[in-house]
$ cat protein-v6.txt   # compact mmCIF, N, CA and C atoms
# COMPACT_ATOMS: atom_id res chain seq x y z
N MET A 10 -8.74 4.60 16.00
CA MET A 10 -9.21 4.79 14.65
C MET A 10 -8.31 4.00 13.70
N GLN A 11 -8.91 3.45 12.66
CA GLN A 11 -8.13 2.68 11.70
C GLN A 11 -7.69 3.56 10.53
N TYR A 12 -6.47 3.29 10.06
CA TYR A 12 -5.89 3.99 8.91
C TYR A 12 -5.30 2.95 7.96
N LEU A 13 -5.43 3.21 6.67
CA LEU A 13 -4.80 2.38 5.66
C LEU A 13 -3.54 3.09 5.20
N LEU A 14 -2.41 2.42 5.31
CA LEU A 14 -1.14 2.94 4.80
C LEU A 14 -0.91 2.27 3.45
N MET A 15 -1.08 3.03 2.37
CA MET A 15 -0.94 2.49 1.02
C MET A 15 0.45 2.83 0.49
N ILE A 16 1.18 1.81 0.11
CA ILE A 16 2.58 1.95 -0.27
C ILE A 16 2.70 1.98 -1.79
N TYR A 17 3.18 3.11 -2.31
CA TYR A 17 3.34 3.29 -3.75
C TYR A 17 4.82 3.29 -4.12
N GLY A 18 5.13 2.65 -5.23
CA GLY A 18 6.49 2.63 -5.72
C GLY A 18 6.50 2.36 -7.21
N ASN A 19 7.67 2.37 -7.80
CA ASN A 19 7.83 2.15 -9.23
C ASN A 19 8.06 0.66 -9.48
N GLU A 20 7.10 0.00 -10.14
CA GLU A 20 7.22 -1.44 -10.39
C GLU A 20 8.44 -1.79 -11.22
N ALA A 21 8.73 -0.98 -12.22
CA ALA A 21 9.88 -1.28 -13.09
C ALA A 21 11.18 -1.24 -12.28
N ALA A 22 11.29 -0.27 -11.39
CA ALA A 22 12.49 -0.19 -10.54
C ALA A 22 12.55 -1.38 -9.59
N MET A 23 11.41 -1.78 -9.07
CA MET A 23 11.37 -2.93 -8.16
C MET A 23 11.78 -4.22 -8.88
N ALA A 24 11.36 -4.36 -10.12
CA ALA A 24 11.70 -5.56 -10.89
C ALA A 24 13.19 -5.63 -11.20
N ALA A 25 13.86 -4.48 -11.15
CA ALA A 25 15.28 -4.43 -11.50
C ALA A 25 16.22 -4.60 -10.30
N VAL A 26 15.68 -4.72 -9.08
CA VAL A 26 16.56 -4.85 -7.92
C VAL A 26 17.26 -6.21 -7.93
N THR A 27 18.44 -6.23 -7.37
CA THR A 27 19.19 -7.48 -7.27
C THR A 27 18.57 -8.35 -6.17
N GLU A 28 18.98 -9.59 -6.15
CA GLU A 28 18.49 -10.51 -5.12
C GLU A 28 18.88 -10.01 -3.73
N ALA A 29 20.10 -9.48 -3.61
CA ALA A 29 20.57 -8.95 -2.32
C ALA A 29 19.75 -7.74 -1.91
N GLN A 30 19.48 -6.84 -2.84
CA GLN A 30 18.67 -5.65 -2.54
C GLN A 30 17.26 -6.06 -2.13
N GLY A 31 16.70 -7.03 -2.86
CA GLY A 31 15.36 -7.52 -2.54
C GLY A 31 15.32 -8.15 -1.16
N GLY A 32 16.36 -8.89 -0.80
CA GLY A 32 16.42 -9.49 0.52
C GLY A 32 16.47 -8.45 1.63
N LYS A 33 17.24 -7.39 1.40
CA LYS A 33 17.32 -6.30 2.39
C LYS A 33 15.95 -5.63 2.55
N MET A 34 15.27 -5.43 1.43
CA MET A 34 13.97 -4.78 1.46
C MET A 34 12.95 -5.64 2.21
N LEU A 35 12.94 -6.94 1.93
CA LEU A 35 12.02 -7.85 2.63
C LEU A 35 12.32 -7.87 4.13
N ALA A 36 13.59 -7.85 4.48
CA ALA A 36 13.97 -7.82 5.90
C ALA A 36 13.50 -6.53 6.56
N ALA A 37 13.62 -5.41 5.85
CA ALA A 37 13.17 -4.12 6.39
C ALA A 37 11.67 -4.13 6.62
N TYR A 38 10.91 -4.66 5.66
CA TYR A 38 9.45 -4.74 5.82
C TYR A 38 9.08 -5.72 6.93
N GLY A 39 9.83 -6.81 7.06
CA GLY A 39 9.58 -7.76 8.14
C GLY A 39 9.77 -7.11 9.50
N ALA A 40 10.85 -6.35 9.64
CA ALA A 40 11.12 -5.65 10.90
C ALA A 40 10.06 -4.60 11.19
N TYR A 41 9.63 -3.90 10.15
CA TYR A 41 8.59 -2.88 10.28
C TYR A 41 7.27 -3.51 10.75
N ALA A 42 6.87 -4.60 10.11
CA ALA A 42 5.63 -5.29 10.49
C ALA A 42 5.74 -5.85 11.91
N GLU A 43 6.91 -6.36 12.26
CA GLU A 43 7.12 -6.89 13.61
C GLU A 43 6.99 -5.76 14.65
N ALA A 44 7.54 -4.60 14.35
CA ALA A 44 7.46 -3.46 15.27
C ALA A 44 6.00 -3.03 15.45
N MET A 45 5.24 -3.01 14.37
CA MET A 45 3.83 -2.64 14.48
C MET A 45 3.06 -3.69 15.28
N GLY A 46 3.40 -4.96 15.07
CA GLY A 46 2.76 -6.03 15.83
C GLY A 46 3.04 -5.92 17.32
N LYS A 47 4.30 -5.69 17.67
CA LYS A 47 4.68 -5.54 19.08
C LYS A 47 4.03 -4.32 19.72
N ALA A 48 3.80 -3.26 18.92
CA ALA A 48 3.15 -2.06 19.43
C ALA A 48 1.63 -2.23 19.52
N GLY A 49 1.12 -3.31 18.95
CA GLY A 49 -0.31 -3.58 19.01
C GLY A 49 -1.15 -2.74 18.07
N VAL A 50 -0.53 -2.19 17.00
CA VAL A 50 -1.28 -1.34 16.08
C VAL A 50 -1.61 -2.03 14.75
N LEU A 51 -0.96 -3.14 14.46
CA LEU A 51 -1.14 -3.80 13.17
C LEU A 51 -2.44 -4.60 13.13
N VAL A 52 -3.29 -4.28 12.18
CA VAL A 52 -4.53 -5.02 11.97
C VAL A 52 -4.32 -6.03 10.84
N GLY A 53 -3.60 -5.63 9.80
CA GLY A 53 -3.32 -6.52 8.68
C GLY A 53 -2.50 -5.81 7.63
N GLY A 54 -2.08 -6.55 6.63
CA GLY A 54 -1.32 -5.96 5.54
C GLY A 54 -0.87 -7.03 4.58
N ASN A 55 -0.64 -6.64 3.35
CA ASN A 55 -0.17 -7.57 2.34
C ASN A 55 0.56 -6.83 1.23
N ARG A 56 1.41 -7.57 0.56
CA ARG A 56 2.06 -7.10 -0.66
C ARG A 56 1.10 -7.43 -1.81
N LEU A 57 1.04 -6.58 -2.80
CA LEU A 57 0.17 -6.82 -3.95
C LEU A 57 0.97 -7.34 -5.13
N ARG A 58 0.34 -8.15 -5.94
CA ARG A 58 0.97 -8.60 -7.18
C ARG A 58 1.08 -7.40 -8.12
N PRO A 59 1.93 -7.48 -9.15
CA PRO A 59 2.11 -6.35 -10.07
C PRO A 59 0.80 -5.95 -10.76
N THR A 60 0.78 -4.72 -11.25
CA THR A 60 -0.42 -4.23 -11.93
C THR A 60 -0.76 -5.06 -13.16
N SER A 61 0.21 -5.74 -13.74
CA SER A 61 -0.07 -6.59 -14.90
C SER A 61 -1.00 -7.73 -14.54
N ALA A 62 -1.13 -8.04 -13.26
CA ALA A 62 -2.03 -9.11 -12.81
C ALA A 62 -3.40 -8.57 -12.40
N SER A 63 -3.59 -7.26 -12.53
CA SER A 63 -4.86 -6.67 -12.09
C SER A 63 -5.91 -6.66 -13.19
N THR A 64 -7.14 -6.50 -12.77
CA THR A 64 -8.28 -6.37 -13.67
C THR A 64 -9.13 -5.21 -13.16
N THR A 65 -9.58 -4.36 -14.07
CA THR A 65 -10.38 -3.20 -13.70
C THR A 65 -11.81 -3.40 -14.21
N VAL A 66 -12.79 -3.17 -13.34
CA VAL A 66 -14.20 -3.29 -13.70
C VAL A 66 -14.85 -1.92 -13.60
N ARG A 67 -15.57 -1.54 -14.65
CA ARG A 67 -16.31 -0.27 -14.67
C ARG A 67 -17.71 -0.55 -15.19
N ILE A 68 -18.67 0.20 -14.67
CA ILE A 68 -20.02 0.15 -15.19
C ILE A 68 -20.38 1.56 -15.63
N ALA A 69 -20.71 1.71 -16.89
CA ALA A 69 -21.11 3.01 -17.44
C ALA A 69 -22.32 2.79 -18.34
N ASP A 70 -23.33 3.59 -18.13
CA ASP A 70 -24.57 3.48 -18.91
C ASP A 70 -25.14 2.07 -18.85
N GLY A 71 -25.03 1.44 -17.68
CA GLY A 71 -25.59 0.11 -17.48
C GLY A 71 -24.78 -1.02 -18.10
N LYS A 72 -23.64 -0.73 -18.71
CA LYS A 72 -22.81 -1.75 -19.34
C LYS A 72 -21.54 -1.94 -18.54
N THR A 73 -21.19 -3.19 -18.31
CA THR A 73 -19.98 -3.53 -17.58
C THR A 73 -18.82 -3.70 -18.55
N THR A 74 -17.72 -3.06 -18.22
CA THR A 74 -16.49 -3.21 -18.99
C THR A 74 -15.44 -3.79 -18.08
N VAL A 75 -14.77 -4.82 -18.55
CA VAL A 75 -13.69 -5.45 -17.79
C VAL A 75 -12.41 -5.31 -18.59
N LEU A 76 -11.40 -4.67 -17.97
CA LEU A 76 -10.12 -4.44 -18.63
C LEU A 76 -9.00 -5.15 -17.88
N ASP A 77 -8.12 -5.79 -18.62
CA ASP A 77 -6.94 -6.38 -18.00
C ASP A 77 -5.98 -5.25 -17.64
N GLY A 78 -5.37 -5.36 -16.47
CA GLY A 78 -4.39 -4.38 -16.04
C GLY A 78 -5.04 -3.16 -15.41
N PRO A 79 -4.21 -2.21 -15.02
CA PRO A 79 -4.74 -1.01 -14.39
C PRO A 79 -5.43 -0.12 -15.41
N TYR A 80 -6.31 0.71 -14.94
CA TYR A 80 -7.06 1.60 -15.83
C TYR A 80 -6.20 2.76 -16.32
N ILE A 81 -5.34 3.27 -15.47
CA ILE A 81 -4.50 4.40 -15.86
C ILE A 81 -3.03 4.05 -15.65
N GLU A 82 -2.18 4.72 -16.38
CA GLU A 82 -0.75 4.54 -16.19
C GLU A 82 -0.23 5.67 -15.31
N THR A 83 0.59 5.30 -14.35
CA THR A 83 1.17 6.28 -13.44
C THR A 83 2.65 5.96 -13.25
N LYS A 84 3.38 6.90 -12.67
CA LYS A 84 4.79 6.66 -12.40
C LYS A 84 4.98 5.72 -11.22
N GLU A 85 4.04 5.75 -10.28
CA GLU A 85 4.10 4.89 -9.10
C GLU A 85 2.83 4.06 -9.02
N GLN A 86 2.98 2.81 -8.59
CA GLN A 86 1.86 1.91 -8.49
C GLN A 86 1.68 1.46 -7.05
N LEU A 87 0.45 1.11 -6.70
CA LEU A 87 0.16 0.60 -5.37
C LEU A 87 0.75 -0.80 -5.26
N GLY A 88 1.68 -0.97 -4.32
CA GLY A 88 2.39 -2.23 -4.21
C GLY A 88 2.04 -3.03 -2.97
N GLY A 89 1.38 -2.40 -2.01
CA GLY A 89 1.00 -3.11 -0.79
C GLY A 89 0.36 -2.14 0.19
N TYR A 90 -0.02 -2.68 1.33
CA TYR A 90 -0.71 -1.86 2.32
C TYR A 90 -0.56 -2.45 3.70
N PHE A 91 -0.76 -1.62 4.68
CA PHE A 91 -0.89 -2.03 6.08
C PHE A 91 -2.14 -1.35 6.61
N LEU A 92 -2.95 -2.10 7.33
CA LEU A 92 -4.10 -1.54 8.03
C LEU A 92 -3.71 -1.47 9.50
N ILE A 93 -3.77 -0.27 10.06
CA ILE A 93 -3.36 -0.09 11.45
C ILE A 93 -4.48 0.55 12.25
N GLU A 94 -4.42 0.35 13.54
CA GLU A 94 -5.36 1.00 14.46
C GLU A 94 -4.56 1.78 15.47
N VAL A 95 -4.73 3.09 15.42
CA VAL A 95 -3.98 4.02 16.28
C VAL A 95 -4.92 5.11 16.78
N PRO A 96 -4.51 5.85 17.79
CA PRO A 96 -5.40 6.85 18.37
C PRO A 96 -5.77 8.01 17.43
N ASP A 97 -4.83 8.42 16.55
CA ASP A 97 -5.12 9.62 15.75
C ASP A 97 -4.21 9.68 14.52
N LEU A 98 -4.43 10.71 13.70
CA LEU A 98 -3.67 10.87 12.46
C LEU A 98 -2.18 11.04 12.74
N ASP A 99 -1.82 11.75 13.79
CA ASP A 99 -0.40 11.93 14.09
C ASP A 99 0.30 10.60 14.31
N ALA A 100 -0.35 9.69 14.99
CA ALA A 100 0.23 8.36 15.22
C ALA A 100 0.33 7.60 13.90
N ALA A 101 -0.70 7.71 13.05
CA ALA A 101 -0.66 7.04 11.74
C ALA A 101 0.48 7.59 10.89
N LEU A 102 0.65 8.90 10.91
CA LEU A 102 1.73 9.52 10.14
C LEU A 102 3.10 9.08 10.66
N SER A 103 3.21 8.90 11.95
CA SER A 103 4.46 8.44 12.55
C SER A 103 4.82 7.05 12.03
N TRP A 104 3.81 6.16 11.95
CA TRP A 104 4.06 4.82 11.41
C TRP A 104 4.36 4.87 9.93
N ALA A 105 3.67 5.73 9.18
CA ALA A 105 3.93 5.86 7.74
C ALA A 105 5.35 6.33 7.48
N GLU A 106 5.83 7.22 8.31
CA GLU A 106 7.19 7.75 8.18
C GLU A 106 8.24 6.66 8.37
N ARG A 107 7.92 5.66 9.18
CA ARG A 107 8.86 4.57 9.44
C ARG A 107 8.80 3.46 8.39
N CYS A 108 7.81 3.51 7.50
CA CYS A 108 7.63 2.47 6.48
C CYS A 108 8.80 2.49 5.49
N PRO A 109 9.39 1.34 5.19
CA PRO A 109 10.49 1.31 4.23
C PRO A 109 10.11 1.91 2.87
N GLY A 110 8.87 1.79 2.45
CA GLY A 110 8.44 2.32 1.17
C GLY A 110 8.45 3.83 1.09
N ALA A 111 8.44 4.50 2.24
CA ALA A 111 8.47 5.97 2.24
C ALA A 111 9.79 6.51 1.70
N SER A 112 10.85 5.71 1.79
CA SER A 112 12.16 6.19 1.33
C SER A 112 12.39 5.93 -0.15
N THR A 113 11.56 5.10 -0.77
CA THR A 113 11.74 4.80 -2.20
C THR A 113 10.55 5.20 -3.05
N GLY A 114 9.45 5.53 -2.41
CA GLY A 114 8.24 5.92 -3.13
C GLY A 114 7.42 6.84 -2.25
N ALA A 115 6.19 6.44 -1.98
CA ALA A 115 5.30 7.25 -1.15
C ALA A 115 4.38 6.35 -0.36
N VAL A 116 3.96 6.82 0.80
CA VAL A 116 2.98 6.11 1.61
C VAL A 116 1.80 7.05 1.82
N GLU A 117 0.67 6.68 1.25
CA GLU A 117 -0.55 7.46 1.44
C GLU A 117 -1.25 6.96 2.69
N VAL A 118 -1.63 7.89 3.56
CA VAL A 118 -2.33 7.56 4.81
C VAL A 118 -3.77 8.01 4.66
N ARG A 119 -4.67 7.04 4.80
CA ARG A 119 -6.08 7.39 4.63
C ARG A 119 -6.91 6.76 5.75
N PRO A 120 -7.73 7.59 6.43
CA PRO A 120 -8.58 7.04 7.49
C PRO A 120 -9.66 6.13 6.89
N ILE A 121 -10.00 5.10 7.64
CA ILE A 121 -11.06 4.18 7.25
C ILE A 121 -12.40 4.81 7.63
N TRP A 122 -13.32 4.79 6.72
CA TRP A 122 -14.66 5.30 6.94
C TRP A 122 -15.56 4.11 7.21
N VAL A 123 -15.84 3.87 8.47
CA VAL A 123 -16.63 2.70 8.86
C VAL A 123 -18.06 2.89 8.36
N MET A 124 -18.57 1.87 7.70
CA MET A 124 -19.92 1.94 7.14
C MET A 124 -20.87 1.07 7.91

$ encode --input "protein-v6.txt" --output "structure tokens"
Amino acid sequence: MQYLLMIYGNEAAMAAVTEAQGGKMLAAYGAYAEAMGKAGVLVGGNRLRPTSASTTVRIADGKTTVLDGPYIETKEQLGGYFLIEVPDLDAALSWAERCPGASTGAVEVRPIWVM
């Protein structure tokens, strides 16, 4: 079964990290992705650009509204994701627990609903 591991963190805090801290974080994510690849569970994943680069589209009463940036303000923003294929939720949770983002923010685990 496929699960999406959505990594949430504080963009302002991320922007304030030093170059050395950023390098350590990238290395940790590289090792994490490599471990998932070697285990054969990694389907894909990417880091997302900041919310300031996002655009939100809504349709209400037949009218389309396009807004720059995120629609709502939150303390944590979606910063990236990994799509994994594992036997069950317990396995997905085990991988989420190992994600570097779990120690600085949150990792939401959501099963993929195949359409």

$ atom_distance --input "protein-v6.txt" --atom1 "atom CA of A:Glu28" --atom2 "atom CA of A:Lys84"
23.1 Å

$ closest_residue --input "protein-v6.txt" --among "A:Val26, A:Met15, A:Ala44, A:Leu35" --to "A:Arg107" --atoms "only C-alpha atoms"
A:Ala44

$ select_by_dssp --input "protein-v6.txt" --residues "chain A" --states "strand (DSSP E or B)" --output "ChimeraX atom specification"
/A:11-18,51-56,64-69,72-77,86-94,115-120

$ write_last_selection --input "protein-v6.txt" --atoms "N, CA and C atoms" --output "CSV table (one decimal), in the frame of the given file"
chain,number,residue,atom,x,y,z
A,11,GLN,N,-8.9,3.4,12.7
A,11,GLN,CA,-8.1,2.7,11.7
A,11,GLN,C,-7.7,3.6,10.5
A,12,TYR,N,-6.5,3.3,10.1
A,12,TYR,CA,-5.9,4.0,8.9
A,12,TYR,C,-5.3,3.0,8.0
A,13,LEU,N,-5.4,3.2,6.7
A,13,LEU,CA,-4.8,2.4,5.7
A,13,LEU,C,-3.5,3.1,5.2
A,14,LEU,N,-2.4,2.4,5.3
A,14,LEU,CA,-1.1,2.9,4.8
A,14,LEU,C,-0.9,2.3,3.4
A,15,MET,N,-1.1,3.0,2.4
A,15,MET,CA,-0.9,2.5,1.0
A,15,MET,C,0.4,2.8,0.5
A,16,ILE,N,1.2,1.8,0.1
A,16,ILE,CA,2.6,2.0,-0.3
A,16,ILE,C,2.7,2.0,-1.8
A,17,TYR,N,3.2,3.1,-2.3
A,17,TYR,CA,3.3,3.3,-3.8
A,17,TYR,C,4.8,3.3,-4.1
A,18,GLY,N,5.1,2.6,-5.2
A,18,GLY,CA,6.5,2.6,-5.7
A,18,GLY,C,6.5,2.4,-7.2
A,51,LEU,N,-1.0,-3.1,14.5
A,51,LEU,CA,-1.1,-3.8,13.2
A,51,LEU,C,-2.4,-4.6,13.1
A,52,VAL,N,-3.3,-4.3,12.2
A,52,VAL,CA,-4.5,-5.0,12.0
A,52,VAL,C,-4.3,-6.0,10.8
A,53,GLY,N,-3.6,-5.6,9.8
A,53,GLY,CA,-3.3,-6.5,8.7
A,53,GLY,C,-2.5,-5.8,7.6
A,54,GLY,N,-2.1,-6.6,6.6
A,54,GLY,CA,-1.3,-6.0,5.5
A,54,GLY,C,-0.9,-7.0,4.6
A,55,ASN,N,-0.6,-6.6,3.4
A,55,ASN,CA,-0.2,-7.6,2.3
A,55,ASN,C,0.6,-6.8,1.2
A,56,ARG,N,1.4,-7.6,0.6
A,56,ARG,CA,2.1,-7.1,-0.7
A,56,ARG,C,1.1,-7.4,-1.8
A,64,THR,N,-7.1,-6.5,-12.8
A,64,THR,CA,-8.3,-6.4,-13.7
A,64,THR,C,-9.1,-5.2,-13.2
A,65,THR,N,-9.6,-4.4,-14.1
A,65,THR,CA,-10.4,-3.2,-13.7
A,65,THR,C,-11.8,-3.4,-14.2
A,66,VAL,N,-12.8,-3.2,-13.3
A,66,VAL,CA,-14.2,-3.3,-13.7
A,66,VAL,C,-14.8,-1.9,-13.6
A,67,ARG,N,-15.6,-1.5,-14.6
A,67,ARG,CA,-16.3,-0.3,-14.7
A,67,ARG,C,-17.7,-0.6,-15.2
A,68,ILE,N,-18.7,0.2,-14.7
A,68,ILE,CA,-20.0,0.2,-15.2
A,68,ILE,C,-20.4,1.6,-15.6
A,69,ALA,N,-20.7,1.7,-16.9
A,69,ALA,CA,-21.1,3.0,-17.4
A,69,ALA,C,-22.3,2.8,-18.3
A,72,LYS,N,-23.6,-0.7,-18.7
A,72,LYS,CA,-22.8,-1.8,-19.3
A,72,LYS,C,-21.5,-1.9,-18.5
A,73,THR,N,-21.2,-3.2,-18.3
A,73,THR,CA,-20.0,-3.5,-17.6
A,73,THR,C,-18.8,-3.7,-18.6
A,74,THR,N,-17.7,-3.1,-18.2
A,74,THR,CA,-16.5,-3.2,-19.0
A,74,THR,C,-15.4,-3.8,-18.1
A,75,VAL,N,-14.8,-4.8,-18.6
A,75,VAL,CA,-13.7,-5.4,-17.8
A,75,VAL,C,-12.4,-5.3,-18.6
A,76,LEU,N,-11.4,-4.7,-18.0
A,76,LEU,CA,-10.1,-4.4,-18.6
A,76,LEU,C,-9.0,-5.2,-17.9
A,77,ASP,N,-8.1,-5.8,-18.6
A,77,ASP,CA,-6.9,-6.4,-18.0
A,77,ASP,C,-6.0,-5.2,-17.6
A,86,GLN,N,3.0,2.8,-8.6
A,86,GLN,CA,1.9,1.9,-8.5
A,86,GLN,C,1.7,1.5,-7.0
A,87,LEU,N,0.4,1.1,-6.7
A,87,LEU,CA,0.2,0.6,-5.4
A,87,LEU,C,0.8,-0.8,-5.3
A,88,GLY,N,1.7,-1.0,-4.3
A,88,GLY,CA,2.4,-2.2,-4.2
A,88,GLY,C,2.0,-3.0,-3.0
A,89,GLY,N,1.4,-2.4,-2.0
A,89,GLY,CA,1.0,-3.1,-0.8
A,89,GLY,C,0.4,-2.1,0.2
A,90,TYR,N,0.0,-2.7,1.3
A,90,TYR,CA,-0.7,-1.9,2.3
A,90,TYR,C,-0.6,-2.4,3.7
A,91,PHE,N,-0.8,-1.6,4.7
A,91,PHE,CA,-0.9,-2.0,6.1
A,91,PHE,C,-2.1,-1.4,6.6
A,92,LEU,N,-3.0,-2.1,7.3
A,92,LEU,CA,-4.1,-1.5,8.0
A,92,LEU,C,-3.7,-1.5,9.5
A,93,ILE,N,-3.8,-0.3,10.1
A,93,ILE,CA,-3.4,-0.1,11.4
A,93,ILE,C,-4.5,0.6,12.2
A,94,GLU,N,-4.4,0.4,13.5
A,94,GLU,CA,-5.4,1.0,14.5
A,94,GLU,C,-4.6,1.8,15.5
A,115,ALA,N,6.2,6.4,-2.0
A,115,ALA,CA,5.3,7.2,-1.2
A,115,ALA,C,4.4,6.4,-0.4
A,116,VAL,N,4.0,6.8,0.8
A,116,VAL,CA,3.0,6.1,1.6
A,116,VAL,C,1.8,7.0,1.8
A,117,GLU,N,0.7,6.7,1.2
A,117,GLU,CA,-0.6,7.5,1.4
A,117,GLU,C,-1.2,7.0,2.7
A,118,VAL,N,-1.6,7.9,3.6
A,118,VAL,CA,-2.3,7.6,4.8
A,118,VAL,C,-3.8,8.0,4.7
A,119,ARG,N,-4.7,7.0,4.8
A,119,ARG,CA,-6.1,7.4,4.6
A,119,ARG,C,-6.9,6.8,5.8
A,120,PRO,N,-7.7,7.6,6.4
A,120,PRO,CA,-8.6,7.0,7.5
A,120,PRO,C,-9.7,6.1,6.9

$ select_by_dssp --input "protein-v6.txt" --residues "stretch 53-117 of chain A" --states "alpha helix (DSSP H)" --output "list in words"
Leu98, Asp99, Ala100, Ala101, Leu102, Ser103, Trp104, Ala105, Glu106 and Arg107 of chain A

$ write_last_selection --input "protein-v6.txt" --atoms "N, CA and C atoms" --output "PDB file, keeping the file's coordinate frame"
ATOM      1  N   LEU A  98      -4.430  10.710  13.700  1.00  0.00           N
ATOM      2  CA  LEU A  98      -3.670  10.870  12.460  1.00  0.00           C
ATOM      3  C   LEU A  98      -2.180  11.040  12.740  1.00  0.00           C
ATOM      4  N   ASP A  99      -1.820  11.750  13.790  1.00  0.00           N
ATOM      5  CA  ASP A  99      -0.400  11.930  14.090  1.00  0.00           C
ATOM      6  C   ASP A  99       0.300  10.600  14.310  1.00  0.00           C
ATOM      7  N   ALA A 100      -0.350   9.690  14.990  1.00  0.00           N
ATOM      8  CA  ALA A 100       0.230   8.360  15.220  1.00  0.00           C
ATOM      9  C   ALA A 100       0.330   7.600  13.900  1.00  0.00           C
ATOM     10  N   ALA A 101      -0.700   7.710  13.050  1.00  0.00           N
ATOM     11  CA  ALA A 101      -0.660   7.040  11.740  1.00  0.00           C
ATOM     12  C   ALA A 101       0.480   7.590  10.890  1.00  0.00           C
ATOM     13  N   LEU A 102       0.650   8.900  10.910  1.00  0.00           N
ATOM     14  CA  LEU A 102       1.730   9.520  10.140  1.00  0.00           C
ATOM     15  C   LEU A 102       3.100   9.080  10.660  1.00  0.00           C
ATOM     16  N   SER A 103       3.210   8.900  11.950  1.00  0.00           N
ATOM     17  CA  SER A 103       4.460   8.440  12.550  1.00  0.00           C
ATOM     18  C   SER A 103       4.820   7.050  12.030  1.00  0.00           C
ATOM     19  N   TRP A 104       3.810   6.160  11.950  1.00  0.00           N
ATOM     20  CA  TRP A 104       4.060   4.820  11.410  1.00  0.00           C
ATOM     21  C   TRP A 104       4.360   4.870   9.930  1.00  0.00           C
ATOM     22  N   ALA A 105       3.670   5.730   9.180  1.00  0.00           N
ATOM     23  CA  ALA A 105       3.930   5.860   7.740  1.00  0.00           C
ATOM     24  C   ALA A 105       5.350   6.330   7.480  1.00  0.00           C
ATOM     25  N   GLU A 106       5.830   7.220   8.310  1.00  0.00           N
ATOM     26  CA  GLU A 106       7.190   7.750   8.180  1.00  0.00           C
ATOM     27  C   GLU A 106       8.240   6.660   8.370  1.00  0.00           C
ATOM     28  N   ARG A 107       7.920   5.660   9.180  1.00  0.00           N
ATOM     29  CA  ARG A 107       8.860   4.570   9.440  1.00  0.00           C
ATOM     30  C   ARG A 107       8.800   3.460   8.390  1.00  0.00           C
TER      31      ARG A 107
END

$ closest_residue --input "protein-v6.txt" --among "A:Met23, A:Met10, A:Ala69, A:Cys108" --to "A:Tyr38" --atoms "all atoms listed in the file"
A:Cys108

$ atom_distance --input "protein-v6.txt" --atom1 "atom C of A:Tyr90" --atom2 "atom CA of A:Pro59"
14.6 Å
